[in-house]
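**Student:** Supplied in structure tokens, the structure appears directly below.
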Amino acid sequence: MNRANLVRHAKASIERGSRSFALASKLFSAKTRERAWLLYFWCRACDDLADGQDHGHGMSVVPNPEKTVAAMRMMTARAYGGEQTGKPPFDAFGVVAKECGIPKMFSDDMIDGFQLDARGWTPQTEDDLYQYCYHVAGAVGCMMAIVMGVSSADEDTLDRACDLGLAFQLSNIARDVAEDDAAGRCYLPSEWLRQEGLKTRDMLETENRTKTAMLVARLCERAEHYARSARVGAAQLPFRSRWAVLAAADIYLNIARSVGQNPEASLDQRVVTGSLSKITSVSRALIQAMIKPGYSDRDDLWKRKKPV
């Protein structure tokens, strides 16, 4: 496929896979929007392969997950090297990586997160949780920042972009505790469960749901901390990119806020945000984009490892 066709397929993918990100992406300049779609197209395809899904829907058992991840890694490396793979999402990544100079380590880091899932990994500590969130979302935040024009040498802004990815993933985990449990996964750190006298196998039992809900609320609180840091980094972006990022952040953090307000209910029903809420987020983000945020350091936040 030529670039125009890849962009067309990428646009269809984001509209089907994430109405929230699709809406926020409309705020980008035309060039940045196309590049964001191309990157999303590849991220979505990798996520679907790892989880046996179709655009984020219908999680199913992947017969040979480690083989699937190995194939994903190989196709990504080929595309990054400039080869035509014949697989549109991977070819899309090859295009945007070349246009924007995305360092290969970030795509490798993302795929490492899927490798953790393929091995049946679960976080033991809170730091383990953040490390996982970096792999599957923080690294994507770094790549998206580069798509928006951030230099790969601007470590401070990349840290803030990573923080937004962590905020998104913590929100996802908080929303999906019951769904993940049904798929045999748990992203609540084992040390958190032990502190509450819980085990993975019984955390959703009736008598344990209140304690589990407390841990869900803790995830939502952590998500807001990382989102606050990310808003500082967004101030370094061009106006339209800043608006888009702040809109996406507000839309996604509304999920965490809704879950945090009634975490026990979220164990029974998946929380979603409606169209009116998303439009309100876009309007609120416009105001936020015009105001310089107060500085907040990130000394107490998890720190990604820097390239040597």
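Going through the structure tokens in order, the chains are called A, B, and so on, while each chain numbers its residues from 1 and the ligands are numbered from 1 in the order shown.
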Just want the 12 Å neighbourhood of region 144-154 of chain A, counted on only C-alpha atoms, with same-chain residues fewer than 5 positions away dropped. Output as a PyMOL selection string.
**Tutor:** chain A and resi 25+28-40+43+93+95-107+137-139+159-165+230+233-245+306-308
**Student:** Would you list the contacts of Gly82 (chain A) as a VMD selection string, taking every protein, DNA or RNA residue within 9 Å and counting only C-alpha atoms, but skipping same-chain residues closer than 2 positions in sequence?
**Tutor:** chain A and resid 77 to 80 84 91 94 to 95 98
**Student:** Since we have the selection now, will you write its residues out, keeping all heavy atoms, as a compact mmCIF listing (two decimals), in the first residue's frame?
**Tutor:**
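Wrote again18.txt, looks like this:
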# COMPACT_ATOMS: atom_id res chain seq x y z
N ALA A 77 10.32 -5.12 13.34
CA ALA A 77 11.73 -4.87 13.00
C ALA A 77 11.90 -4.72 11.48
O ALA A 77 12.65 -3.85 11.01
CB ALA A 77 12.61 -5.99 13.54
N ARG A 78 11.21 -5.55 10.73
CA ARG A 78 11.29 -5.46 9.28
C ARG A 78 10.75 -4.12 8.80
O ARG A 78 11.36 -3.46 7.94
CB ARG A 78 10.52 -6.61 8.64
CG ARG A 78 11.20 -7.97 8.73
CD ARG A 78 10.32 -9.06 8.12
NE ARG A 78 9.94 -8.75 6.74
CZ ARG A 78 8.97 -9.37 6.08
NH1 ARG A 78 8.27 -10.34 6.68
NH2 ARG A 78 8.69 -9.04 4.83
N ALA A 79 9.61 -3.73 9.34
CA ALA A 79 9.01 -2.46 8.93
C ALA A 79 9.90 -1.29 9.33
O ALA A 79 10.09 -0.33 8.56
CB ALA A 79 7.63 -2.32 9.56
N TYR A 80 10.47 -1.36 10.52
CA TYR A 80 11.35 -0.29 10.99
C TYR A 80 12.58 -0.17 10.09
O TYR A 80 13.08 0.94 9.85
CB TYR A 80 11.78 -0.57 12.43
CG TYR A 80 12.48 0.60 13.08
CD1 TYR A 80 11.75 1.59 13.74
CD2 TYR A 80 13.86 0.74 13.02
CE1 TYR A 80 12.39 2.68 14.32
CE2 TYR A 80 14.50 1.82 13.60
CZ TYR A 80 13.76 2.79 14.26
OH TYR A 80 14.39 3.86 14.83
N GLN A 84 8.83 -3.60 3.10
CA GLN A 84 7.38 -3.72 2.95
C GLN A 84 6.98 -5.10 3.46
O GLN A 84 7.43 -6.12 2.94
CB GLN A 84 6.99 -3.57 1.47
CG GLN A 84 7.18 -2.18 0.92
CD GLN A 84 6.17 -1.19 1.46
OE1 GLN A 84 4.99 -1.51 1.59
NE2 GLN A 84 6.62 0.00 1.81
N ASP A 91 3.43 -1.84 8.14
CA ASP A 91 3.94 -0.91 7.14
C ASP A 91 3.65 0.54 7.55
O ASP A 91 4.45 1.44 7.29
CB ASP A 91 3.34 -1.21 5.77
CG ASP A 91 3.86 -2.52 5.18
OD1 ASP A 91 4.91 -3.00 5.64
OD2 ASP A 91 3.21 -3.06 4.27
N GLY A 94 6.29 1.51 9.92
CA GLY A 94 7.53 1.80 9.20
C GLY A 94 7.54 3.20 8.63
O GLY A 94 8.57 3.90 8.68
N VAL A 95 6.40 3.64 8.11
CA VAL A 95 6.30 4.98 7.52
C VAL A 95 6.47 6.05 8.58
O VAL A 95 7.27 6.98 8.45
CB VAL A 95 4.94 5.15 6.80
CG1 VAL A 95 4.70 6.62 6.43
CG2 VAL A 95 4.89 4.28 5.54
N LYS A 98 9.98 6.29 10.23
CA LYS A 98 10.97 6.94 9.37
C LYS A 98 10.72 8.44 9.30
O LYS A 98 11.67 9.24 9.39
CB LYS A 98 10.90 6.34 7.97
CG LYS A 98 11.92 6.94 7.00
CD LYS A 98 11.86 6.26 5.63
CE LYS A 98 12.88 6.87 4.68
NZ LYS A 98 12.82 6.21 3.34
**Student:** May I ask for the distance between CA of Leu253 (chain A) and CA of Pro89 (chain A), given in Å to one decimal place?
**Tutor:**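 Atom-to-atom, CA of Leu253 (chain A) and CA of Pro89 (chain A) are spaced 27.5 Å apart.
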**Student:** Taking only C-alpha atoms into account, which of A:Val69, A:Leu286, A:Leu219, A:Met1 comes nearest Arg257 (chain A)?
**Tutor:**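 Looking at the shortest contact to Arg257 (chain A), the residue is A:Leu219.
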**Student:** Between A:Pro189, A:His135, A:Leu166, A:Lys278, which is the closest to Asp108 (chain A) once you count only C-alpha atoms?
**Tutor:** A:His135
**Student:** For region 173-187 of chain A, work out the shell of residues within 9 Å, counting only C-alpha atoms and skipping chain neighbours fewer than 6 positions away, then give it as a count of residues only.
**Tutor:** 31
**Student:** Running DSSP on the backbone, which parts of region 47-253 of chain A land in alpha helix (DSSP H), as an MDAnalysis selection string?
**Tutor:** chainID A and resid 47:51 65:80 88:100 104:118 126:133 139:147 155:175 177:182 190:195 209:234 239:253
**Student:** May I ask for the distance between CA of Arg284 (chain A) and CA of Phe21 (chain A), given in Å to one decimal place?
**Tutor:**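 So the answer is 16.0 Å.
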